[in-house]
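Notes for the one structure printed next.
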Amino acid sequence: MLNAASQSRLLAAQYVLGEKKLAWHELADLQTRAKQFSMPLQADLWGWGAIYKTTGSVTDMAIRTARMTLAEAGYAGQDIDTTIVCSSSLQSGTEAHQHFLREFAGQLQLEQSAITGVSLGRCTNLLKGIHLARSLIHSGQARRALVVTSDAISDERQRMENFALFSDGAASCLICHADDAPQGDMLLACGGRQDLSQLHQGLSAGLVRAVNQDLFSSMGIMLGDITRLFHSNVYLPLCQLNEMQAGYQQTQLYTDNIPRFGHCFAADPLINFVDARNNGAVSDTALYQLAVSIPGARASLLLRKGSA
């Protein structure tokens, strides 16, 4: 039986995309990349549609989405005791990190917030950041955690890969103690598995099943209890193959955003949940799963809308 006595909730989820919209056939080196990956130019097969390119920076997008989250939640930066920034695109080095922190924290009034970076999980970064935030709240080390992810392509030739078309984008949310967020969504469970020996073996349905076993057994539920899975916006055949091999039904998969804007790095699951909710496709009684698979890892969490 599902235990709804969660101590934390997710609220005020927001996202931004790059400002410039391009159709798939406008991508740089499209013909060369498609030939390199032995991919026929069949948009319907892969789920190719539009992508969004930023004219600003990763920092700009992070600030924009975080500001939207704080505004929706009714908090100022001074109210946030913990901030987790998730990105694979930030410049490396002490000077670059200090510049980012000054700009990011300064514009959002987060100077007193404990800021932690999550960067080695690639497209699992955001869900790992949320897991970390939830753990800090459950252990009493934090009450309000701002989680932000922001990434952008730096080399336009890499906007098309053999697993996805990339959009620049950022997403954010607050993870709060339940007493501080009566209107937030119940964050019921988080989990993940990693096997670095599989880094060069593609996506693993076995890791999906292992993570699900951990999550579902702790909640007393089964795979069929999940109304919708919000996953990464990789190419349609890859997404469907990996998830359905792990036992999901096609009706559980949310693929609407794959042609709308492709793969927004780690932000996909949260973006997809936000869009489905805004479109009235998320109910108060159903269970929802956010998840990301990459070669060698799987990260996931369970949500229930509202306080039900």
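Letters for chains follow the order of the structure tokens (A, B, ...), residue numbers begin at 1 for each chain, and ligand numbers begin at 1 in the order shown.
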
Per-residue DSSP, range 51-183 of chain A, filtered to alpha helix (DSSP H), as a ChimeraX atom specification: /A:58-73,94-108,125-138

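Surrounding range 130-137 of chain A within 7 Å are Ser8, Leu126, Leu127, Gly140, Gln141, Ala142, Arg143, Ala145, Val147, Ile175, His177 and Cys190 of chain A, with only C-alpha atoms counted and residues fewer than 3 positions along the same chain left out.
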
Nearest to Gly206 in chain A by atom-to-atom distance, counting only C-alpha atoms, from A:Gly117, A:Gly184, A:Gly280, A:Gly296: A:Gly296

Range 132-287 of chain A: residues DSSP assigns to strand (DSSP E), reported as a PyMOL selection string: chain A and resi 144-151+169-177+185-194+226-230+287

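Take the candidates A:Ile153, A:Glu95, A:Phe163, A:Cys86 and check each one against Ala34 in chain A using only C-alpha atoms; the shortest distance goes to A:Phe163.
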
Among listed residues A:Gln250, A:Thr59, A:Asn242, A:Gln14, nearest Ala105 in chain A (using only C-alpha atoms):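 Using only C-alpha atoms, Ala105 in chain A sits closest to A:Thr59.
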
Non-local contacts of range 216-224 of chain A (12 Å; only C-alpha atoms; under 2 positions in same chain excluded) as a ChimeraX atom specification: /A:1-6,187-191,208-214,226-229,243-244,246-252,286-289,300-303

Neighbour list for Pro182 in chain A as a list in words, cut-off 10 Å, only C-alpha atoms, skip fewer than 5 positions in-chain: Ser8, Arg9, Leu11, Cys176, His177, Gly306 and Ser307 of chain A

Could you please take those selected residues and save C-alpha atoms as an mmCIF file, in the first residue's frame?
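Result went into selection.cif, see below:
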```cif
data_model
loop_
_atom_site.group_PDB
_atom_site.id
_atom_site.type_symbol
_atom_site.label_atom_id
_atom_site.label_comp_id
_atom_site.auth_asym_id
_atom_site.auth_seq_id
_atom_site.Cartn_x
_atom_site.Cartn_y
_atom_site.Cartn_z
ATOM 1 C CA SER A 8 9.072 16.873 1.024
ATOM 2 C CA ARG A 9 7.265 18.368 -1.912
ATOM 3 C CA LEU A 11 6.725 23.015 -6.318
ATOM 4 C CA CYS A 176 10.650 22.039 0.380
ATOM 5 C CA HIS A 177 9.712 20.523 3.674
ATOM 6 C CA GLY A 306 -1.104 18.155 -5.045
ATOM 7 C CA SER A 307 -1.382 16.926 -1.477
#
```

Coordinates-based distance that separates CA of Ser167 in chain A from CA of Ser92 in chain A (Å, one decimal): 21.6 Å

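Counting only C-alpha atoms, Ile294 in chain A has the following residues at most 8 Å away, ignoring those fewer than 5 positions along the same chain: A:Arg122, A:Cys123, A:Thr124, A:Gly202, A:Leu203, A:Ser204.
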
Let me see the file: selected residues, N, CA, C and O atoms, as a tab-separated table (two decimals), in the first residue's frame.
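Written output follows (result_32.tsv):
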```
chain	number	residue	atom	x	y	z
A	122	ARG	N	25.76	13.96	-16.32
A	122	ARG	CA	25.25	14.23	-17.66
A	122	ARG	C	23.74	14.51	-17.60
A	122	ARG	O	23.31	15.37	-16.84
A	123	CYS	N	22.95	13.79	-18.35
A	123	CYS	CA	21.52	14.12	-18.41
A	123	CYS	C	20.74	13.63	-17.19
A	123	CYS	O	19.53	13.87	-17.09
A	124	THR	N	21.40	12.96	-16.24
A	124	THR	CA	20.75	12.63	-14.97
A	124	THR	C	20.97	13.71	-13.92
A	124	THR	O	20.48	13.60	-12.80
A	202	GLY	N	25.42	1.62	-24.50
A	202	GLY	CA	24.10	2.17	-24.78
A	202	GLY	C	23.20	2.14	-23.56
A	202	GLY	O	23.63	1.87	-22.44
A	203	LEU	N	21.91	2.43	-23.77
A	203	LEU	CA	20.95	2.46	-22.68
A	203	LEU	C	20.66	1.05	-22.19
A	203	LEU	O	20.66	0.10	-22.96
A	204	SER	N	20.39	0.94	-20.90
A	204	SER	CA	20.21	-0.37	-20.28
A	204	SER	C	18.82	-0.52	-19.69
A	204	SER	O	18.46	0.17	-18.73
```

Nearest-residue call for Glu156 in chain A, choices A:Arg304, A:Lys53, A:Arg298, A:His97, using only C-alpha atoms: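 Among the listed residues, the smallest separation from Glu156 in chain A belongs to A:Lys53.
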
CA of Gly74 in chain A to CA of Ala62 in chain A, distance in Å rounded to a single decimal: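 CA of Gly74 in chain A sits 18.2 Å away from CA of Ala62 in chain A.
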
Contacts of range 35-52 of chain A within 6 Å, only C-alpha atoms, excl. fewer than 5 positions in-chain, as a PyMOL selection string: chain A and resi 18+20-24+162+167-168+235-236+258-261

Residues of range 89-202 of chain A that approach range 78-82 of chain A to 7 Å or less, counting only C-alpha atoms: could you list each one with the shortest pair of atoms and its distance in Å to one decimal, rows by chain and increasing residue number, as JSON lines?
```
{"residue": "A:Gln109", "atom": "CA", "partner": "A:Gln78", "partner_atom": "CA", "distance": 6.0}
{"residue": "A:Leu110", "atom": "CA", "partner": "A:Gln78", "partner_atom": "CA", "distance": 6.0}
{"residue": "A:Gln112", "atom": "CA", "partner": "A:Gln78", "partner_atom": "CA", "distance": 6.8}
{"residue": "A:Ser113", "atom": "CA", "partner": "A:Asp81", "partner_atom": "CA", "distance": 4.6}
{"residue": "A:Ala114", "atom": "CA", "partner": "A:Thr82", "partner_atom": "CA", "distance": 4.7}
{"residue": "A:Ile115", "atom": "CA", "partner": "A:Thr82", "partner_atom": "CA", "distance": 6.1}
{"residue": "A:Ala142", "atom": "CA", "partner": "A:Asp81", "partner_atom": "CA", "distance": 6.4}
{"residue": "A:Arg144", "atom": "CA", "partner": "A:Ile80", "partner_atom": "CA", "distance": 5.4}
{"residue": "A:Ala145", "atom": "CA", "partner": "A:Thr82", "partner_atom": "CA", "distance": 4.6}
{"residue": "A:Leu146", "atom": "CA", "partner": "A:Thr82", "partner_atom": "CA", "distance": 6.3}
```

With N, CA and C atoms retained, export the selected residues as an mmCIF file, in the first residue's frame.
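The resulting file, selection_20.cif, is shown below:
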```cif
data_model
loop_
_atom_site.group_PDB
_atom_site.id
_atom_site.type_symbol
_atom_site.label_atom_id
_atom_site.label_comp_id
_atom_site.auth_asym_id
_atom_site.auth_seq_id
_atom_site.Cartn_x
_atom_site.Cartn_y
_atom_site.Cartn_z
ATOM 1 N N GLN A 109 19.773 37.055 -5.290
ATOM 2 C CA GLN A 109 19.874 37.286 -3.837
ATOM 3 C C GLN A 109 20.063 35.973 -3.075
ATOM 4 N N LEU A 110 20.931 35.147 -3.601
ATOM 5 C CA LEU A 110 21.220 33.842 -3.005
ATOM 6 C C LEU A 110 22.592 33.814 -2.321
ATOM 7 N N GLN A 112 23.535 34.037 0.639
ATOM 8 C CA GLN A 112 23.595 33.302 1.903
ATOM 9 C C GLN A 112 23.163 31.843 1.747
ATOM 10 N N SER A 113 22.796 31.460 0.537
ATOM 11 C CA SER A 113 22.376 30.079 0.294
ATOM 12 C C SER A 113 23.603 29.199 0.063
ATOM 13 N N ALA A 114 23.571 27.996 0.589
ATOM 14 C CA ALA A 114 24.647 27.035 0.346
ATOM 15 C C ALA A 114 24.486 26.468 -1.065
ATOM 16 N N ILE A 115 25.410 26.803 -1.967
ATOM 17 C CA ILE A 115 25.289 26.426 -3.377
ATOM 18 C C ILE A 115 26.201 25.245 -3.671
ATOM 19 N N ALA A 142 18.220 21.041 5.527
ATOM 20 C CA ALA A 142 17.649 22.111 4.708
ATOM 21 C C ALA A 142 16.136 22.062 4.811
ATOM 22 N N ARG A 144 14.296 24.545 2.444
ATOM 23 C CA ARG A 144 13.914 25.025 1.113
ATOM 24 C C ARG A 144 15.128 24.954 0.201
ATOM 25 N N ALA A 145 15.048 24.101 -0.800
ATOM 26 C CA ALA A 145 16.160 23.917 -1.719
ATOM 27 C C ALA A 145 15.727 24.286 -3.132
ATOM 28 N N LEU A 146 16.451 25.212 -3.734
ATOM 29 C CA LEU A 146 16.241 25.586 -5.133
ATOM 30 C C LEU A 146 17.130 24.689 -5.992
#
```

Distance in Å - CA of Pro269 in chain A versus CA of His231 in chain A: 5.0 Å
